[in-house]
Amino acid sequence: MDNIDNFIGNQHLAPVSKNYLDNICPATGQVYGSIPNSDEADLELAIVAAKRAQKSWAQMPSEQRSDILIKIAQLIEQNLEELAQAESLDNGKPISLARSVDIPRAASNFKFFAAAASQFASQAHHMPNNAINYTLRQPVGIVGCISPWNLPLYLFTWKIAPALAAGNCVIAKPSEVTPKTASMLGKICQQAGLPEGVLAILHGEGKTIGNLICQHRDIKAISFTGGTQTGAYIATQLAPQFKKLSLELGGKNPAIVLNDCDMELTLNEIFRASFANQGQICLCASRIYVQREIYQDFKRALVEKAKALMPADPANEQTAMGAIVSKPHLNKVLGFIERAKQSGATILTGGEQVKLAGRLADGYYLQPTIIEGLANEHECNQQEIFGPVVTLTPFDSIDEAITLANDSDYGLAATVWTKNLANAHDIAEQLQTGIVWVNCWLHRDLRTPFGGMKQSGLGREGGEEAMRFFTEAKNVCIKYT
Ligand code: NDP
């Protein structure tokens, strides 16, 4: 059994209550460890430790803070294989993906914000009548970072790294569904020389410890990534405290495929955008709109590719599709497929749970699924399914495609596939999403603003946006004669 503990004051501590939750492996459906079911008492320990560390961490020269973050990045790289194995076991994602994407990106997050710590500059504004303003950017204080299960270490570090770089102490909570690599990060931070109390990692349920972190008066900002419903609840809870809040929420991302696209590139990338990480990435394409002239050819080729993608043991090097993260989530995704069938949709491929043999017999596996024939208002085109399920819909004109794409409460990301860059610019301008990729997907530059419009979030992460979120701006105006 793999039992993990909280990380507070650079020590791995059992929860004060001694209450633990089961940790289940999605590939086998079996309990393989336990995690603390943290509560107020654990949070208080973390707050006391953070308060002790706060001043010296905030005042540490940024170059020294940067050196510690670089060391964390190096240690993540040195432990890449162990972290990747843990991520795959905990989440069900293919080991190849954890190795090539999740863990390297966690290291990049620390490297990137180590540089940001030393490069972050304040602004100055001269006034005509002998006055000058300059903006102090001071750490917010103690901040809370809460992340989801789909890209566990990747998203956890995407929040923690800028918060630390800006000089804050952090109390972080990973998803209870995927706690393992977050726990390993604690040890790495300790080895890298992160001072005691600067980072606490508390495990447990969102509704208890997550909620307590959000509500705590000594925690001055919350950076949250997760579902829209949870984000809405947190926003209502925090509004009376006027706490800084960054929300990265769900998506229902449209892909617009025009007649003149590069067919091979588009198919390969849309296939990846649809089914990578079992479709459990907030940026995955989920509504694919294809221009009528190429619709049948595109459909045939995409279905053929999906049929060849069979879920298999995530630990196997060759596996491209692993397990769905949990049984409740598998059932939720299957529910969408079932209701699509009842609505008269055509399941072009997939739609069924997969039973693997031997020790994987109770794991949570689902065929990649492509659905055709649903109206845009159907829940499968409106609600986030967050699994390996996409819908295909033909369109005639570009205007129609834009209307269909924007007909959503969400506004996270979109992709456009065309060789005509004038059309691409025009469509990108009209799409109501925080991110538009043209002829590519998930091509990330960490300096760019990242986040969604509408119900996909509040604020932006990435680059200077993150450094601004994790600092308070104070204008100092000096009049001189
Ligand atoms: P949830 O909203 O269920 O949970 C996210 C995190 O919040 C978890 O750590 C969870 O803990 C915690 N949490 C749950 N309830 C509360 C609460 N009341 N107060 C404080 N914290 C709470 O999302 P999922 O983990 O299911 O993640 C999937 C969702 O995340 C999808 O909607 C996806 O689109 C979105 N997402 C958005 C991204 C973006 O950048 N926009 C990126 C990746 C995912 P616990 O696990 O214990 O319940």
# chains A, B, ... in the order shown; residues from 1 in each chain; ligands from 1
call {"tool": "residues_near_ligand", "arguments": {"ligand": "ligand 1", "cutoff": "7 Å", "atoms": "only C-alpha atoms and all ligand atoms", "output": "VMD selection string"}}
result
chain A and resid 146 to 151 173 to 177 204 to 207 210 to 211 214 224 to 231 233 to 234 248 to 251 281 to 282 384 386 412 451 to 452 456 to 457
call {"tool": "select_by_dssp", "arguments": {"residues": "stretch 191-292 of chain A", "states": "strand (DSSP E or B)", "output": "MDAnalysis selection string"}}
result
chainID A and resid 199:201 219:225 244:248 253:257 285:291
call {"tool": "write_last_selection", "arguments": {"atoms": "C-alpha atoms", "output": "compact mmCIF listing (two decimals), in the first residue's frame"}}
result
# COMPACT_ATOMS: atom_id res chain seq x y z
CA LEU A 199 4.81 25.56 0.80
CA ALA A 200 2.20 23.32 2.41
CA ILE A 201 0.50 20.51 0.51
CA ILE A 219 -5.36 33.23 2.76
CA LYS A 220 -5.47 36.30 0.56
CA ALA A 221 -5.84 34.86 -2.94
CA ILE A 222 -7.16 31.67 -4.49
CA SER A 223 -5.99 30.25 -7.78
CA PHE A 224 -8.41 27.49 -8.77
CA THR A 225 -8.56 25.13 -11.74
CA LYS A 244 -8.31 37.79 -5.22
CA LEU A 245 -9.63 34.94 -7.35
CA SER A 246 -8.37 33.30 -10.51
CA LEU A 247 -10.64 30.66 -12.06
CA GLU A 248 -9.64 28.28 -14.86
CA ASN A 253 -14.06 23.58 -27.38
CA PRO A 254 -15.07 23.88 -31.04
CA ALA A 255 -12.84 22.82 -33.95
CA ILE A 256 -13.66 24.49 -37.29
CA VAL A 257 -12.40 22.52 -40.29
CA ALA A 285 -11.68 19.53 -29.03
CA SER A 286 -15.18 18.27 -28.31
CA ARG A 287 -17.35 19.77 -31.06
CA ILE A 288 -15.93 19.24 -34.54
CA TYR A 289 -17.54 21.34 -37.27
CA VAL A 290 -16.51 20.30 -40.80
CA GLN A 291 -17.32 22.14 -44.01
call {"tool": "closest_atom_pairs", "arguments": {"of": "stretch 154-202 of chain A", "to": "stretch 80-102 of chain A", "cutoff": "9 Å", "atoms": "only C-alpha atoms", "output": "JSON lines"}}
result
{"residue": "A:Tyr154", "atom": "CA", "partner": "A:Asp102", "partner_atom": "CA", "distance": 5.3}
{"residue": "A:Leu155", "atom": "CA", "partner": "A:Asp102", "partner_atom": "CA", "distance": 8.8}
{"residue": "A:Val177", "atom": "CA", "partner": "A:Asn91", "partner_atom": "CA", "distance": 7.7}
{"residue": "A:Thr178", "atom": "CA", "partner": "A:Asp90", "partner_atom": "CA", "distance": 5.5}
{"residue": "A:Pro179", "atom": "CA", "partner": "A:Asp90", "partner_atom": "CA", "distance": 7.6}
{"residue": "A:Lys180", "atom": "CA", "partner": "A:Ala86", "partner_atom": "CA", "distance": 6.6}
{"residue": "A:Thr181", "atom": "CA", "partner": "A:Glu87", "partner_atom": "CA", "distance": 6.2}
{"residue": "A:Met184", "atom": "CA", "partner": "A:Leu83", "partner_atom": "CA", "distance": 7.6}
call {"tool": "residues_around", "arguments": {"residues": "A:Pro368", "least_positions_apart": "6", "cutoff": "7 Å", "atoms": "only C-alpha atoms", "output": "PyMOL selection string"}}
result
chain A and resi 275+306+350+388-389
call {"tool": "closest_residue", "arguments": {"among": "A:Phe242, A:Trp57, A:Phe271, A:Phe7", "to": "A:Gly167", "atoms": "only C-alpha atoms"}}
result
A:Trp57
call {"tool": "decode", "arguments": {"residues": "stretch 455-473 of chain A", "atoms": "N, CA, C and O atoms", "output": "PDB file, in the first residue's frame"}}
result
ATOM      1  N   GLN A 455     -18.225  31.174 -19.264  1.00  0.00           N
ATOM      2  CA  GLN A 455     -18.180  30.330 -18.057  1.00  0.00           C
ATOM      3  C   GLN A 455     -16.919  29.470 -17.966  1.00  0.00           C
ATOM      4  O   GLN A 455     -16.851  28.525 -17.190  1.00  0.00           O
ATOM      5  N   SER A 456     -15.922  29.803 -18.786  1.00  0.00           N
ATOM      6  CA  SER A 456     -14.657  29.056 -18.718  1.00  0.00           C
ATOM      7  C   SER A 456     -13.661  29.680 -17.772  1.00  0.00           C
ATOM      8  O   SER A 456     -12.549  29.164 -17.622  1.00  0.00           O
ATOM      9  N   GLY A 457     -14.026  30.792 -17.152  1.00  0.00           N
ATOM     10  CA  GLY A 457     -13.098  31.286 -16.138  1.00  0.00           C
ATOM     11  C   GLY A 457     -13.102  32.768 -15.922  1.00  0.00           C
ATOM     12  O   GLY A 457     -13.891  33.512 -16.517  1.00  0.00           O
ATOM     13  N   LEU A 458     -12.182  33.133 -15.068  1.00  0.00           N
ATOM     14  CA  LEU A 458     -12.057  34.521 -14.633  1.00  0.00           C
ATOM     15  C   LEU A 458     -10.566  34.808 -14.542  1.00  0.00           C
ATOM     16  O   LEU A 458      -9.861  34.134 -13.805  1.00  0.00           O
ATOM     17  N   GLY A 459     -10.101  35.788 -15.299  1.00  0.00           N
ATOM     18  CA  GLY A 459      -8.677  36.124 -15.275  1.00  0.00           C
ATOM     19  C   GLY A 459      -7.881  35.234 -16.205  1.00  0.00           C
ATOM     20  O   GLY A 459      -8.434  34.362 -16.884  1.00  0.00           O
ATOM     21  N   ARG A 460      -6.593  35.455 -16.232  1.00  0.00           N
ATOM     22  CA  ARG A 460      -5.693  34.685 -17.080  1.00  0.00           C
ATOM     23  C   ARG A 460      -4.489  34.216 -16.273  1.00  0.00           C
ATOM     24  O   ARG A 460      -4.061  34.889 -15.356  1.00  0.00           O
ATOM     25  N   GLU A 461      -3.960  33.052 -16.681  1.00  0.00           N
ATOM     26  CA  GLU A 461      -2.707  32.573 -16.107  1.00  0.00           C
ATOM     27  C   GLU A 461      -1.600  32.773 -17.134  1.00  0.00           C
ATOM     28  O   GLU A 461      -1.847  33.268 -18.230  1.00  0.00           O
ATOM     29  N   GLY A 462      -0.396  32.355 -16.775  1.00  0.00           N
ATOM     30  CA  GLY A 462       0.712  32.409 -17.733  1.00  0.00           C
ATOM     31  C   GLY A 462       1.471  33.719 -17.655  1.00  0.00           C
ATOM     32  O   GLY A 462       0.903  34.773 -17.396  1.00  0.00           O
ATOM     33  N   GLY A 463       2.782  33.627 -17.867  1.00  0.00           N
ATOM     34  CA  GLY A 463       3.659  34.778 -17.997  1.00  0.00           C
ATOM     35  C   GLY A 463       3.393  35.861 -16.968  1.00  0.00           C
ATOM     36  O   GLY A 463       3.242  35.597 -15.777  1.00  0.00           O
ATOM     37  N   GLU A 464       3.352  37.090 -17.451  1.00  0.00           N
ATOM     38  CA  GLU A 464       3.169  38.235 -16.548  1.00  0.00           C
ATOM     39  C   GLU A 464       1.796  38.242 -15.897  1.00  0.00           C
ATOM     40  O   GLU A 464       1.618  38.806 -14.821  1.00  0.00           O
ATOM     41  N   GLU A 465       0.812  37.646 -16.568  1.00  0.00           N
ATOM     42  CA  GLU A 465      -0.546  37.614 -15.999  1.00  0.00           C
ATOM     43  C   GLU A 465      -0.513  36.922 -14.637  1.00  0.00           C
ATOM     44  O   GLU A 465      -1.147  37.373 -13.680  1.00  0.00           O
ATOM     45  N   ALA A 466       0.211  35.815 -14.563  1.00  0.00           N
ATOM     46  CA  ALA A 466       0.279  35.066 -13.309  1.00  0.00           C
ATOM     47  C   ALA A 466       1.041  35.869 -12.258  1.00  0.00           C
ATOM     48  O   ALA A 466       0.638  35.928 -11.094  1.00  0.00           O
ATOM     49  N   MET A 467       2.144  36.494 -12.674  1.00  0.00           N
ATOM     50  CA  MET A 467       2.922  37.283 -11.708  1.00  0.00           C
ATOM     51  C   MET A 467       2.085  38.457 -11.194  1.00  0.00           C
ATOM     52  O   MET A 467       2.188  38.829 -10.021  1.00  0.00           O
ATOM     53  N   ARG A 468       1.275  39.029 -12.064  1.00  0.00           N
ATOM     54  CA  ARG A 468       0.406  40.134 -11.610  1.00  0.00           C
ATOM     55  C   ARG A 468      -0.640  39.621 -10.633  1.00  0.00           C
ATOM     56  O   ARG A 468      -0.952  40.262  -9.643  1.00  0.00           O
ATOM     57  N   PHE A 469      -1.218  38.449 -10.950  1.00  0.00           N
ATOM     58  CA  PHE A 469      -2.258  37.919 -10.052  1.00  0.00           C
ATOM     59  C   PHE A 469      -1.690  37.681  -8.655  1.00  0.00           C
ATOM     60  O   PHE A 469      -2.357  37.957  -7.648  1.00  0.00           O
ATOM     61  N   PHE A 470      -0.488  37.166  -8.604  1.00  0.00           N
ATOM     62  CA  PHE A 470       0.074  36.810  -7.294  1.00  0.00           C
ATOM     63  C   PHE A 470       0.792  37.976  -6.609  1.00  0.00           C
ATOM     64  O   PHE A 470       1.534  37.762  -5.648  1.00  0.00           O
ATOM     65  N   THR A 471       0.586  39.199  -7.103  1.00  0.00           N
ATOM     66  CA  THR A 471       1.149  40.372  -6.430  1.00  0.00           C
ATOM     67  C   THR A 471       0.073  41.447  -6.299  1.00  0.00           C
ATOM     68  O   THR A 471      -0.879  41.486  -7.078  1.00  0.00           O
ATOM     69  N   GLU A 472       0.257  42.297  -5.319  1.00  0.00           N
ATOM     70  CA  GLU A 472      -0.603  43.481  -5.175  1.00  0.00           C
ATOM     71  C   GLU A 472       0.143  44.652  -5.800  1.00  0.00           C
ATOM     72  O   GLU A 472       1.326  44.860  -5.511  1.00  0.00           O
ATOM     73  N   ALA A 473      -0.553  45.419  -6.621  1.00  0.00           N
ATOM     74  CA  ALA A 473       0.070  46.606  -7.200  1.00  0.00           C
ATOM     75  C   ALA A 473      -0.151  47.787  -6.269  1.00  0.00           C
ATOM     76  O   ALA A 473      -1.268  48.034  -5.827  1.00  0.00           O
TER      77      ALA A 473
END
